[in-house]
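Data from my_file_24.txt: compact mmCIF, C-alpha atoms and all ligand atoms
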# COMPACT_ATOMS: atom_id res chain seq x y z
CA MET L 5 166.01 52.73 84.41
CA ILE L 6 169.53 54.08 83.98
CA GLU L 7 171.24 56.27 86.54
CA PHE L 8 174.71 57.79 86.57
CA VAL L 9 175.81 59.29 89.90
CA LYS L 10 178.89 61.53 89.75
CA VAL L 11 180.58 59.33 87.17
CA THR L 12 184.09 60.18 86.04
CA LYS L 13 186.03 58.10 83.52
CA LYS L 14 189.66 58.84 82.77
CA PHE L 15 191.92 57.22 80.20
CA GLY L 16 195.33 58.17 81.51
CA PRO L 17 195.34 61.98 81.44
CA VAL L 18 192.21 62.17 79.23
CA VAL L 19 188.99 62.87 81.13
CA ALA L 20 186.36 61.24 78.90
CA LEU L 21 183.47 61.74 81.38
CA ASP L 22 183.61 64.38 84.08
CA ASP L 23 181.40 64.10 87.19
CA LEU L 24 178.36 63.10 85.16
CA SER L 25 174.96 62.61 86.83
CA PHE L 26 171.59 61.94 85.19
CA LYS L 27 168.64 59.57 85.42
CA ILE L 28 166.52 58.01 82.69
CA GLU L 29 163.25 56.37 83.69
CA LYS L 30 161.81 53.09 82.43
CA GLY L 31 160.24 53.51 78.99
CA GLU L 32 161.86 56.85 78.07
CA PHE L 33 163.33 57.68 74.64
CA VAL L 34 166.51 59.74 74.95
CA PHE L 35 169.01 61.14 72.46
CA LEU L 36 172.58 61.51 73.67
CA THR L 37 174.26 64.15 71.55
CA GLY L 38 177.43 66.19 71.47
CA PRO L 39 180.49 66.67 69.29
CA SER L 40 182.96 63.94 68.46
CA GLY L 41 185.07 63.13 71.52
CA ALA L 42 182.40 64.37 73.96
CA GLY L 43 182.21 60.99 75.72
CA LYS L 44 179.09 59.40 74.19
CA THR L 45 180.68 56.05 73.33
CA THR L 46 182.48 55.99 76.67
CA LEU L 47 179.09 56.33 78.36
CA ALA L 48 177.71 53.46 76.25
CA ASN L 49 180.75 51.31 77.01
CA LEU L 50 180.36 51.89 80.75
CA LEU L 51 176.77 50.63 80.52
CA LEU L 52 178.01 47.61 78.60
CA GLY L 53 180.59 46.92 81.28
CA LYS L 54 183.47 47.12 78.82
CA PHE L 55 185.38 48.96 81.53
CA LEU L 56 184.67 50.43 84.97
CA PRO L 57 184.27 54.10 85.91
CA THR L 58 187.24 55.78 87.57
CA SER L 59 184.79 57.02 90.21
CA GLY L 60 181.03 57.26 90.71
CA LYS L 61 178.18 54.77 90.44
CA ILE L 62 176.07 53.46 87.57
CA PHE L 63 172.70 51.77 88.00
CA LEU L 64 170.86 49.66 85.46
CA GLY L 65 167.37 48.58 86.55
CA GLN L 66 167.45 48.37 90.34
CA GLU L 67 171.04 47.19 90.47
CA GLU L 68 174.37 48.91 90.50
CA ILE L 69 176.68 47.82 87.70
CA PRO L 70 179.04 45.44 89.48
CA ARG L 71 182.50 46.68 90.30
CA SER L 72 183.69 43.28 89.14
CA LEU L 73 183.62 42.74 85.40
CA ALA L 74 183.26 39.01 86.05
CA LYS L 75 179.64 39.56 87.09
CA ILE L 76 178.80 41.91 84.28
CA HIS L 77 177.15 39.24 82.08
CA LEU L 78 174.23 39.18 84.52
CA LEU L 79 173.50 42.83 83.79
CA ARG L 80 174.12 42.47 80.07
CA ARG L 81 170.93 40.43 79.83
CA LYS L 82 168.91 43.55 80.56
CA LEU L 83 170.59 45.44 77.76
CA GLY L 84 170.31 45.15 73.98
CA VAL L 85 172.81 47.07 71.90
CA ILE L 86 173.35 48.14 68.29
CA PHE L 87 176.42 49.86 66.83
CA GLN L 88 177.26 52.02 63.82
CA ASP L 89 179.15 49.11 62.20
CA PHE L 90 176.50 46.42 62.92
CA LYS L 91 178.99 43.82 64.32
CA LEU L 92 177.28 40.85 62.68
CA ILE L 93 179.12 37.56 62.16
CA SER L 94 179.84 37.34 58.44
CA ASP L 95 179.90 33.54 58.05
CA ARG L 96 176.57 33.06 59.83
CA THR L 97 173.10 33.58 58.40
CA VAL L 98 170.59 36.14 59.59
CA PHE L 99 168.88 33.41 61.62
CA GLU L 100 172.14 32.24 63.20
CA ASN L 101 173.25 35.77 64.09
CA ILE L 102 169.97 36.57 65.81
CA ALA L 103 169.71 33.18 67.54
CA LEU L 104 173.16 33.48 69.15
CA PRO L 105 172.20 35.35 72.36
CA LEU L 106 169.44 32.82 73.06
CA GLU L 107 171.78 29.90 72.38
CA ILE L 108 174.25 31.35 74.87
CA MET L 109 171.42 31.50 77.41
CA GLY L 110 170.71 27.82 76.75
CA ARG L 111 167.19 28.25 75.38
CA LYS L 112 165.49 25.34 73.60
CA LYS L 113 165.73 25.03 69.80
CA ALA L 114 161.98 25.34 69.19
CA GLU L 115 161.72 28.40 71.41
CA ILE L 116 164.68 30.01 69.61
CA LYS L 117 163.10 29.38 66.21
CA ASP L 118 159.80 30.97 67.25
CA ARG L 119 161.39 33.98 68.89
CA VAL L 120 163.81 34.67 65.99
CA GLY L 121 160.87 34.53 63.54
CA GLU L 122 158.95 36.95 65.73
CA VAL L 123 161.72 39.60 65.96
CA LEU L 124 162.48 39.26 62.25
CA ARG L 125 158.87 40.11 61.47
CA GLN L 126 159.06 43.02 63.91
CA VAL L 127 161.95 44.53 61.89
CA ASN L 128 160.28 43.68 58.54
CA LEU L 129 162.91 41.16 57.44
CA GLY L 130 161.10 37.83 57.60
CA GLU L 131 162.04 36.86 54.05
CA ARG L 132 165.80 37.35 54.65
CA ILE L 133 166.14 34.69 57.33
CA ASN L 134 168.62 32.47 55.43
CA PHE L 135 170.72 35.25 53.87
CA PHE L 136 174.32 35.99 54.86
CA PRO L 137 175.31 39.54 55.88
CA ALA L 138 177.20 40.11 52.59
CA GLN L 139 173.90 39.64 50.73
CA LEU L 140 172.13 42.48 52.58
CA ALA L 141 172.04 46.27 52.23
CA GLY L 142 173.16 48.58 55.07
CA GLY L 143 169.66 49.34 56.29
CA GLU L 144 168.87 45.62 56.37
CA LEU L 145 172.08 44.81 58.24
CA GLN L 146 171.20 47.35 60.93
CA ARG L 147 167.73 45.85 61.23
CA VAL L 148 169.27 42.35 61.65
CA SER L 149 171.47 43.78 64.36
CA LEU L 150 168.39 45.38 65.94
CA ALA L 151 166.60 42.02 65.88
CA ARG L 152 169.60 40.41 67.62
CA ALA L 153 169.54 43.17 70.25
CA LEU L 154 165.82 42.59 70.90
CA VAL L 155 165.70 38.81 70.78
CA ALA L 156 166.17 38.34 74.54
CA LYS L 157 163.61 41.07 75.38
CA PRO L 158 165.90 43.63 77.02
CA GLU L 159 164.62 46.40 79.31
CA VAL L 160 167.04 48.87 77.74
CA LEU L 161 168.07 49.31 74.11
CA LEU L 162 171.33 51.13 73.63
CA ALA L 163 172.09 52.41 70.11
CA ASP L 164 175.52 54.01 69.52
CA GLU L 165 175.37 56.13 66.32
CA PRO L 166 173.06 53.51 64.73
CA THR L 167 172.36 55.62 61.64
CA GLY L 168 176.02 56.60 61.09
CA ASN L 169 176.47 54.25 58.13
CA LEU L 170 172.96 54.45 56.70
CA ASP L 171 171.46 56.42 53.83
CA PRO L 172 168.72 58.87 54.91
CA GLU L 173 165.83 56.59 53.97
CA SER L 174 167.23 53.59 55.86
CA ALA L 175 168.01 55.86 58.79
CA TRP L 176 164.38 56.97 59.01
CA GLN L 177 163.15 53.37 58.73
CA LEU L 178 165.39 52.48 61.66
CA ILE L 179 164.20 55.43 63.74
CA LYS L 180 160.59 54.43 63.10
CA LEU L 181 161.37 50.94 64.44
CA LEU L 182 163.16 52.35 67.48
CA LYS L 183 160.09 54.49 68.21
CA GLU L 184 157.80 51.44 67.93
CA ILE L 185 160.04 49.43 70.25
CA ASN L 186 160.01 52.31 72.72
CA LYS L 187 156.18 52.46 72.57
CA LEU L 188 156.12 48.81 73.61
CA GLY L 189 157.90 49.81 76.83
CA THR L 190 161.65 49.53 76.17
CA LEU L 191 163.91 52.36 77.30
CA VAL L 192 165.83 53.58 74.22
CA LEU L 193 169.09 55.51 74.59
CA MET L 194 170.51 56.56 71.22
CA THR L 195 173.74 58.47 70.66
CA THR L 196 173.76 60.53 67.49
CA HIS L 197 175.24 63.40 65.53
CA ASN L 198 172.22 63.54 63.26
CA ILE L 199 170.70 66.98 63.79
CA ASP L 200 167.66 66.38 61.52
CA ILE L 201 166.62 63.24 63.37
CA VAL L 202 166.98 64.82 66.80
CA ASN L 203 165.14 67.98 65.80
CA SER L 204 162.20 66.26 64.14
CA LEU L 205 161.53 63.77 66.94
CA CYS L 206 161.23 66.22 69.84
CA GLU L 207 162.31 63.69 72.44
CA ARG L 208 164.46 64.20 75.52
CA VAL L 209 167.98 65.36 74.60
CA ILE L 210 171.02 64.97 76.85
CA LYS L 211 174.05 66.77 75.45
CA LEU L 212 177.68 66.23 76.42
CA GLU L 213 180.66 68.45 75.76
CA LYS L 214 184.14 67.45 76.89
CA GLY L 215 182.64 64.79 79.14
CA ARG L 216 180.28 67.18 80.93
CA LEU L 217 176.52 67.36 80.77
CA VAL L 218 175.72 70.72 79.13
CA LYS L 219 172.01 70.21 78.32
CA ASP L 220 169.13 68.01 79.43
CA GLU L 221 165.79 69.00 77.85
CA LYS L 222 162.47 67.15 77.89
CA LYS L 223 161.39 67.98 74.34
CA GLY L 224 164.79 68.90 73.09
CA LYS L 225 166.51 70.10 69.96
CA TYR L 226 170.09 69.24 68.99
N1 LIG K 301 189.68 53.14 75.21
C1 LIG K 301 190.14 54.41 75.23
N2 LIG K 301 191.43 54.69 75.52
C2 LIG K 301 191.87 55.95 75.56
N3 LIG K 301 191.11 57.04 75.32
C3 LIG K 301 189.82 56.84 75.01
C4 LIG K 301 189.26 55.51 74.94
N4 LIG K 301 187.95 55.63 74.62
C5 LIG K 301 187.70 56.95 74.48
N5 LIG K 301 188.82 57.68 74.73
C6 LIG K 301 188.90 59.16 74.72
O1 LIG K 301 187.84 59.66 75.48
C7 LIG K 301 187.24 60.81 74.85
C8 LIG K 301 185.77 60.54 74.56
O2 LIG K 301 185.66 59.60 73.49
P1 LIG K 301 184.30 58.94 73.02
O3 LIG K 301 183.55 58.48 74.21
O4 LIG K 301 184.62 57.91 71.99
O5 LIG K 301 183.55 60.19 72.36
P2 LIG K 301 182.30 60.26 71.35
O6 LIG K 301 181.69 58.90 71.26
O7 LIG K 301 181.39 61.28 71.95
O8 LIG K 301 182.85 60.73 70.04
C9 LIG K 301 188.08 61.09 73.62
O9 LIG K 301 189.05 62.05 73.96
C10 LIG K 301 188.71 59.74 73.32
O10 LIG K 301 189.93 59.90 72.65
MG MG K 302 181.23 57.68 69.65
As structure tokens - that is how I would like this structure written.
Ligand SMILES: Nc1ncnc2c1ncn2[C@@H]1O[C@H](COP(=O)(O)OP(=O)(O)O)[C@@H](O)[C@H]1O
Ligand SMILES: [Mg+2]
Amino acid sequence: MIEFVKVTKKFGPVVALDDLSFKIEKGEFVFLTGPSGAGKTTLANLLLGKFLPTSGKIFLGQEEIPRSLAKIHLLRRKLGVIFQDFKLISDRTVFENIALPLEIMGRKKAEIKDRVGEVLRQVNLGERINFFPAQLAGGELQRVSLARALVAKPEVLLADEPTGNLDPESAWQLIKLLKEINKLGTLVLMTTHNIDIVNSLCERVIKLEKGRLVKDEKKGKY
């Protein structure tokens, strides 16, 4: 579950989010749309704890996102995230990139190996396990990044313009995977400009303009 209660975020004089309130239940699939500069990435960054809201409250699961960024890593475990530019580590293999979150959590080697194999199969990339990022195509890189986001079994998957750098076919492959992950119970919140994807999926659409919520529809269009 994600809840924003009267959240405002200012950067100096710029109001990136303006008194924003909404709630997303466990297991929902939601598109967050709106023009460039509307505040979509700011919303994602608030969930990630990259910075704090100027005012208002944000809840993830049953807990409020801590006002202290020092405690934010505890909440980060509930959240998997993928970005437009993948953010993979270029001198590490597919296996090493995906294993990293579990290593940080101190999981055992054998457990890590099993779990990485499992998520790689889930994203249809089992045979690429020892490749480096430079040896993969864009669609494959995004699926590696998806596997890394899923490896610690998050309750929420946050995807910020995940198809922004993908060709149409890879974009649809990714969307299909996000739908499957959602069916297995994970809340998916995806920011996007892609009108075709939003319109053909008929999922809930939350639209921002100038930091304000201007639309929230159950089976929405862009
Ligand atoms: N770290 C930041 N510092 C200053 N201004 C920012 C920062 N992040 C975003 N903004 C501003 O906040 C507004 C919303 O940006 P953003 O959330 O990136 O929009 P979107 O992702 O919808 O394109 C924009 O006016 C942007 O310039
Ligand atoms: Mg953005």
message = Neighbours of ligand LIG 301 (chain K) at 10 Å or closer, counting only C-alpha atoms and all ligand atoms: which residues, as a VMD selection string?
response = chain L and resid 13 to 21 36 to 50 54 to 55 164 to 165 195 to 197 211 to 215
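Residue nearest Val34 (chain L) within the list L:Lys113, L:Met5, L:Arg147, L:Phe63: L:Met5 [criterion: smallest interatomic distance, only C-alpha atoms].
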message = Counting all atoms listed in the file, which residue out of L:Asp220, L:Glu207, L:Asp89, L:Glu115 sits closest to ligand MG 302 (chain K)?
response =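 Distance minimum relative to ligand MG 302 (chain K) lands on L:Asp89.
Considering all atoms listed in the file, the residue among L:Ile108, L:Leu193, L:Leu140, L:Ile179 positioned nearest to Ala163 (chain L) is L:Leu193.
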query = Using only C-alpha atoms and all ligand atoms, which of the listed residues (L:Gln88, L:Val209, L:Ala74, L:Gly110) sits closest to ligand MG 302 (chain K)?
reply =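 The shortest atom-to-atom distance to ligand MG 302 (chain K) comes from L:Gln88.
Distances to Glu184 (chain L) were evaluated for L:Leu52, L:Gln126, L:Thr12, L:Glu7 using only C-alpha atoms, and the minimum falls at L:Gln126.
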key: Counting only C-alpha atoms and all ligand atoms, the option among L:Gly168, L:Leu56, L:Leu78, L:Val120 closest to ligand MG 302 (chain K)   = L:Gly168
message = What does the structure give for the distance between CA of Ser59 (chain L) and CA of Gly31 (chain L), in Å to one decimal?
response = 27.2 Å
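Relative to CA of Gln177 (chain L), CA of Glu144 (chain L) is found at 9.9 Å.
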Non-local contacts of Thr167 (chain L) (9 Å; all atoms listed in the file; under 2 positions in same chain excluded) as a JSON list (two decimals) with C-alpha atoms, keeping the file's coordinate frame:
[["chain", "number", "residue", "atom", "x", "y", "z"],
["L", 87, "PHE", "CA", 176.42, 49.86, 66.83],
["L", 88, "GLN", "CA", 177.26, 52.02, 63.82],
["L", 143, "GLY", "CA", 169.66, 49.34, 56.29],
["L", 146, "GLN", "CA", 171.20, 47.35, 60.93],
["L", 164, "ASP", "CA", 175.52, 54.01, 69.52],
["L", 165, "GLU", "CA", 175.37, 56.13, 66.32],
["L", 169, "ASN", "CA", 176.47, 54.25, 58.13],
["L", 170, "LEU", "CA", 172.96, 54.45, 56.70],
["L", 171, "ASP", "CA", 171.46, 56.42, 53.83],
["L", 172, "PRO", "CA", 168.72, 58.87, 54.91],
["L", 174, "SER", "CA", 167.23, 53.59, 55.86],
["L", 175, "ALA", "CA", 168.01, 55.86, 58.79],
["L", 176, "TRP", "CA", 164.38, 56.97, 59.01],
["L", 178, "LEU", "CA", 165.39, 52.48, 61.66],
["L", 179, "ILE", "CA", 164.20, 55.43, 63.74],
["L", 196, "THR", "CA", 173.76, 60.53, 67.49],
["L", 198, "ASN", "CA", 172.22, 63.54, 63.26]]
